[in-house]
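Encoded as structure tokens, the structure appears first; notes follow it.
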Amino acid sequence: MAATTFNGSVATIKTHGYIGNSALHQDFGNSSLQFSTKGFKIDLGLSGKKHWSRKRGSCLIQASFYQATTVSDEVSTPDSIKVEPIKKSKEAALILIRHGESLWNEKNLFTGCVDVPLTRKGVEEAIEAGKRISNIPVDMIYTSALIRAQMTAMLAMTQHRRKKVPTVLHNESEQAESWSQNFSQETEKQCIPVVTAWQLNERMYGELQGLNKQETADKYGKEQVHEWRRSYDIPPPNGESLEMCAERAVAYFKEHIEPQLQAGKNVMIAAHGNSLRSIIMYLDKLTSQEVISLELSTGIPMLYIVKEEKYIRRGSPAAPSEASVYAYTKNLARYRQKLDEMVH
């Protein structure tokens with residue numbers, strides 16, 4: 001246990017940890033932080049991990065916390081009145097963006113999991129998408145492993161009024177993770193972590209990848225190609241069906257993204273037509289017949305409000321100049337007001 005004094009306040013931190021060969025890893029899964037000063041008591045619940053690297057007696061800290069705060073007045077409240085802490089349900093924003101136009105979209109080729117970049121139009125679409133979400137908070141970004149989705153996310157965030165910098169997390173190896181560490185706490189506050197995941201990749205089109213869509217329809221017949229493209233459970237030769245794509249994309253969403261949203265984190269996902277259709281199928285509880293008719297335009301953001309484990313679809317914000325579009329909840333309205341105050 002450690003005790004620290006902050007300008008007359010006393011903070012008590014309870015933690016548990018373990019010591020490795022070269023570093024102390026503290027896991028704040030069940031930690032609490034308590035301040036007492038001038039009749040007020042503040043309890044903070046912390047979760048997350050700290051990595052303490054030792055070098056000549058100093059420590060370098062890289063940390064991320066989920067924080068819940070409750071404040072109670074111990075002086076002015078009579079003993080006969082029991083004050084219950086106010087329970088606030090967590091609310092979060094979820095933004096879905098299909099990548100901007102790619103070079104193979106432009107050439108009318110089946111792209112699937114082939115990794116091709118955006119066209120000039122795609123770059124413009126990504127920037128326009130960023131303008132539309134420039135007043136919506138973003139705490140974490142998830143993208144597929146494909147460059148067109150990553151470009152879309154990065155370009156969109158250049159337009160955000162908060163001006164935080166998206167930084168890609170590299171966990172493909174211990175060395176990659178070590179070499180990409182940020183050792184400045186101040187800089188870390190101005191960054192947004194970006195997680196790339198192959199599970200959010202576009203549906204794999206198998207032997208159709210790289211083929212011209214019109215020429216393929218001429219060769220195999222329009223009905224056959226339409227069945228490969230739009231049926232739910234029929235895959236193209238050696239490829240994935242939408243059902244197979246949904247299995248991996250939704251499983252990843254439930255395991256990795258949903259817990260962040262339930263913790264109150266605001267999340268943006270930049271991905272692809274079929275992986276996003278799969279996630280929307282889960283969010284909106286669509287049937288397999290309903291999802292096959294769902295069309296998503298490139299570079300158009302879709303906003304959901306997540307509250308009490310429910311997903312409320314709010315459509316696509318029209319433009320940053322239209323204030324009413326962003327006032328979907330009090331929290332979003334307050335966030336925009338804070339951004340306005342920062343500017344002025």
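Ligands are numbered from 1 in the order shown, residues from 1 within each chain, and chains are lettered A, B, ... in the order they appear in the structure tokens.
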_When DSSP is applied to the backbone of this structure, which of stretch 102-245 of chain A are assigned strand (DSSP E)? Write them out as a list in words._
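Answer for stretch 102-245 of chain A, restricted to strand (DSSP E): Met140, Ile141, Tyr142, Thr143, Val165, Pro166, Thr167, Val168, Cys191, Ile192, Pro193, Val194, Val195 and Thr196 of chain A.
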Please produce a file of the residues just selected, as a short mmCIF file (atom, residue, chain, number, x, y, z; two decimals), in the first residue's frame, where the atoms kept are C-alpha atoms.
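Done, and the output landed in out-v7.cif:
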data_model
loop_
_atom_site.label_atom_id
_atom_site.label_comp_id
_atom_site.auth_asym_id
_atom_site.auth_seq_id
_atom_site.Cartn_x
_atom_site.Cartn_y
_atom_site.Cartn_z
CA MET A 140 -10.20 4.53 -29.92
CA ILE A 141 -9.99 3.59 -33.59
CA TYR A 142 -10.25 0.12 -35.09
CA THR A 143 -9.42 -0.58 -38.72
CA VAL A 165 -3.01 12.20 -33.31
CA PRO A 166 -3.99 8.62 -34.27
CA THR A 167 -1.10 6.25 -33.49
CA VAL A 168 -1.07 2.64 -34.70
CA CYS A 191 -2.94 10.47 -29.04
CA ILE A 192 -5.69 8.09 -30.09
CA PRO A 193 -4.75 4.40 -30.18
CA VAL A 194 -5.40 2.67 -33.51
CA VAL A 195 -5.88 -1.10 -33.52
CA THR A 196 -5.62 -2.98 -36.82
#
*Excluding A:Pro117 and residues on its chain fewer than 2 positions from it, collect all residues at most 8 Å away from it, counting only C-alpha atoms, and give them as a list of chain:residue names.*
A:Ser102, A:Leu103, A:Asp115, A:Thr119, A:Ile147, A:Arg148, A:Met151
*Quick one: everything within 8 Å of stretch 271-276 of chain A, counting only C-alpha atoms, minus sequence neighbours fewer than 4 positions away in the same chain. Send it as a VMD selection string.*
chain A and resid 96 to 99 143 to 144 149 200 to 203 242 245 to 246 249 280 295 to 296
Got time to write the residues from that selection, N, CA and C atoms, as a PDB file, in the first residue's frame?
ATOM      1  N   LEU A  96     -19.122   4.204 -37.687  1.00  0.00           N
ATOM      2  CA  LEU A  96     -18.724   3.228 -38.694  1.00  0.00           C
ATOM      3  C   LEU A  96     -18.477   3.954 -40.015  1.00  0.00           C
ATOM      4  N   ILE A  97     -17.336   3.694 -40.641  1.00  0.00           N
ATOM      5  CA  ILE A  97     -17.029   4.318 -41.931  1.00  0.00           C
ATOM      6  C   ILE A  97     -16.518   3.255 -42.899  1.00  0.00           C
ATOM      7  N   ARG A  98     -17.190   3.144 -44.053  1.00  0.00           N
ATOM      8  CA  ARG A  98     -16.636   2.321 -45.119  1.00  0.00           C
ATOM      9  C   ARG A  98     -15.545   3.144 -45.804  1.00  0.00           C
ATOM     10  N   HIS A  99     -14.418   2.508 -46.106  1.00  0.00           N
ATOM     11  CA  HIS A  99     -13.289   3.213 -46.714  1.00  0.00           C
ATOM     12  C   HIS A  99     -13.705   3.980 -47.973  1.00  0.00           C
ATOM     13  N   THR A 143      -9.382  -0.468 -37.265  1.00  0.00           N
ATOM     14  CA  THR A 143      -9.421  -0.575 -38.715  1.00  0.00           C
ATOM     15  C   THR A 143      -9.084  -2.017 -39.104  1.00  0.00           C
ATOM     16  N   SER A 144      -9.338  -2.329 -40.360  1.00  0.00           N
ATOM     17  CA  SER A 144      -8.891  -3.622 -40.867  1.00  0.00           C
ATOM     18  C   SER A 144      -7.379  -3.574 -41.065  1.00  0.00           C
ATOM     19  N   ALA A 149      -8.584   1.038 -45.684  1.00  0.00           N
ATOM     20  CA  ALA A 149      -9.323   1.356 -44.460  1.00  0.00           C
ATOM     21  C   ALA A 149      -8.468   2.204 -43.524  1.00  0.00           C
ATOM     22  N   LEU A 200     -11.464  -7.626 -39.408  1.00  0.00           N
ATOM     23  CA  LEU A 200     -12.326  -6.582 -39.966  1.00  0.00           C
ATOM     24  C   LEU A 200     -12.092  -6.395 -41.461  1.00  0.00           C
ATOM     25  N   ASN A 201     -11.233  -7.259 -42.050  1.00  0.00           N
ATOM     26  CA  ASN A 201     -10.967  -7.171 -43.485  1.00  0.00           C
ATOM     27  C   ASN A 201     -12.227  -7.385 -44.312  1.00  0.00           C
ATOM     28  N   GLU A 202     -12.139  -6.958 -45.565  1.00  0.00           N
ATOM     29  CA  GLU A 202     -13.217  -7.220 -46.509  1.00  0.00           C
ATOM     30  C   GLU A 202     -13.392  -8.725 -46.693  1.00  0.00           C
ATOM     31  N   ARG A 203     -14.564  -9.099 -47.123  1.00  0.00           N
ATOM     32  CA  ARG A 203     -14.829 -10.493 -47.464  1.00  0.00           C
ATOM     33  C   ARG A 203     -13.831 -10.960 -48.531  1.00  0.00           C
ATOM     34  N   LEU A 242     -20.882 -14.059 -47.237  1.00  0.00           N
ATOM     35  CA  LEU A 242     -21.127 -13.009 -46.254  1.00  0.00           C
ATOM     36  C   LEU A 242     -21.277 -13.621 -44.870  1.00  0.00           C
ATOM     37  N   CYS A 245     -17.833 -14.195 -43.486  1.00  0.00           N
ATOM     38  CA  CYS A 245     -17.248 -12.903 -43.119  1.00  0.00           C
ATOM     39  C   CYS A 245     -17.839 -12.406 -41.802  1.00  0.00           C
ATOM     40  N   ALA A 246     -19.157 -12.582 -41.648  1.00  0.00           N
ATOM     41  CA  ALA A 246     -19.844 -12.125 -40.440  1.00  0.00           C
ATOM     42  C   ALA A 246     -19.364 -12.871 -39.204  1.00  0.00           C
ATOM     43  N   ALA A 249     -16.005 -11.168 -38.226  1.00  0.00           N
ATOM     44  CA  ALA A 249     -16.114  -9.740 -37.913  1.00  0.00           C
ATOM     45  C   ALA A 249     -16.935  -9.505 -36.646  1.00  0.00           C
ATOM     46  N   ILE A 280     -23.333  -4.288 -38.663  1.00  0.00           N
ATOM     47  CA  ILE A 280     -24.637  -3.632 -38.617  1.00  0.00           C
ATOM     48  C   ILE A 280     -25.751  -4.667 -38.471  1.00  0.00           C
ATOM     49  N   GLU A 295     -26.937  -1.540 -48.416  1.00  0.00           N
ATOM     50  CA  GLU A 295     -25.864  -0.925 -49.194  1.00  0.00           C
ATOM     51  C   GLU A 295     -25.194   0.168 -48.363  1.00  0.00           C
ATOM     52  N   LEU A 296     -23.872   0.197 -48.384  1.00  0.00           N
ATOM     53  CA  LEU A 296     -23.109   1.226 -47.675  1.00  0.00           C
ATOM     54  C   LEU A 296     -22.264   1.998 -48.681  1.00  0.00           C
TER      55      LEU A 296
END
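You can rank A:Arg132, A:Arg313, A:Lys285, A:His170 by their closest distance to A:Met157 using only C-alpha atoms, and at the top of that list sits A:Arg132.
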*asked:* Calculated over only C-alpha atoms, which of the candidates A:Ile95, A:Val225, A:Ile312, A:Met342 has the smallest distance to A:Leu211?
replied: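 Between A:Ile95, A:Val225, A:Ile312, A:Met342, the residue approaching A:Leu211 most closely is A:Val225.
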*Excluding A:Met204 and any residue of its chain fewer than 6 positions from it, enumerate the residues within 8 Å of it, using only C-alpha atoms, and give them as a list in words.*
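The neighbour list is Gly112, Cys113, Gly239, Glu240 and Cys245 of chain A.
Distance check against A:Pro235 using only C-alpha atoms: of A:Tyr205, A:Lys121, A:Lys213, A:Gly264, the minimum falls on A:Tyr205.
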*Go through A:Asn238, A:Gln175, A:Thr287, A:Gln150 and flag the residue nearest A:Ala197, using only C-alpha atoms for the distances.*
A:Gln150
_At a cut-off of 9 Å, using only C-alpha atoms, what residues contact A:Glu308? Leave out same-chain residues fewer than 3 positions from it and give the result as a list in words._
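The neighbour list is Ser89, Lys90, Glu91, Gln262 and Tyr311 of chain A.
Between atom CA of A:Arg161 and atom CA of A:Ser180 the separation is 25.7 Å.
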*So which bits of stretch 105-309 of chain A end up alpha helix (DSSP H) when you DSSP the backbone, as a ChimeraX atom specification?*
/A:105-106,120-132,147-157,174-179,185-189,213-220,222-230,242-252,258-262,273-283,288-291
*Grab the atom CA of A:Gly100 to atom CA of A:Thr152 distance for me, in Å with one decimal place.*
6.3 Å
_Non-local contacts of A:Tyr232 (12 Å; only C-alpha atoms; under 2 positions in same chain excluded) as a list in words_ = Arg203, His226, Glu227, Trp228, Arg229, Arg230, Ile234, Pro235, Pro236, Glu240, Ser241, Leu242, Glu243, Met244, Cys245, Ala246, Glu247, Asn274, Arg277, Ser278, Met281, Thr287, Ser288, Gln289, Glu290, Val291, Ile292, Ser293 and Leu294 of chain A
Pull C-alpha atoms from the residues just selected and write them as a PDB file, in the first residue's frame.
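Dumped everything to part02.pdb:
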ATOM      1  CA  ARG A 203     -14.829 -10.493 -47.464  1.00  0.00           C
ATOM      2  CA  HIS A 226     -25.190 -11.810 -58.455  1.00  0.00           C
ATOM      3  CA  GLU A 227     -25.571 -14.948 -56.319  1.00  0.00           C
ATOM      4  CA  TRP A 228     -21.890 -14.896 -55.393  1.00  0.00           C
ATOM      5  CA  ARG A 229     -22.008 -11.202 -54.527  1.00  0.00           C
ATOM      6  CA  ARG A 230     -25.393 -10.855 -52.835  1.00  0.00           C
ATOM      7  CA  ILE A 234     -23.033 -18.966 -50.988  1.00  0.00           C
ATOM      8  CA  PRO A 235     -19.309 -18.184 -51.415  1.00  0.00           C
ATOM      9  CA  PRO A 236     -17.515 -17.514 -54.710  1.00  0.00           C
ATOM     10  CA  GLU A 240     -15.928 -16.379 -48.309  1.00  0.00           C
ATOM     11  CA  SER A 241     -19.667 -15.969 -48.157  1.00  0.00           C
ATOM     12  CA  LEU A 242     -21.127 -13.009 -46.254  1.00  0.00           C
ATOM     13  CA  GLU A 243     -22.031 -15.479 -43.517  1.00  0.00           C
ATOM     14  CA  MET A 244     -18.384 -16.536 -43.166  1.00  0.00           C
ATOM     15  CA  CYS A 245     -17.248 -12.903 -43.119  1.00  0.00           C
ATOM     16  CA  ALA A 246     -19.844 -12.125 -40.440  1.00  0.00           C
ATOM     17  CA  GLU A 247     -18.614 -14.927 -38.211  1.00  0.00           C
ATOM     18  CA  ASN A 274     -19.115  -6.613 -46.065  1.00  0.00           C
ATOM     19  CA  ARG A 277     -22.666  -4.940 -43.068  1.00  0.00           C
ATOM     20  CA  SER A 278     -21.958  -7.900 -40.802  1.00  0.00           C
ATOM     21  CA  MET A 281     -26.550  -6.911 -38.926  1.00  0.00           C
ATOM     22  CA  THR A 287     -32.116 -11.056 -40.717  1.00  0.00           C
ATOM     23  CA  SER A 288     -29.952 -12.707 -43.355  1.00  0.00           C
ATOM     24  CA  GLN A 289     -32.445 -11.543 -45.977  1.00  0.00           C
ATOM     25  CA  GLU A 290     -32.406  -7.954 -44.747  1.00  0.00           C
ATOM     26  CA  VAL A 291     -28.622  -7.658 -44.624  1.00  0.00           C
ATOM     27  CA  ILE A 292     -28.055  -8.774 -48.232  1.00  0.00           C
ATOM     28  CA  SER A 293     -30.005  -5.735 -49.442  1.00  0.00           C
ATOM     29  CA  LEU A 294     -28.072  -3.323 -47.200  1.00  0.00           C
TER      30      LEU A 294
END
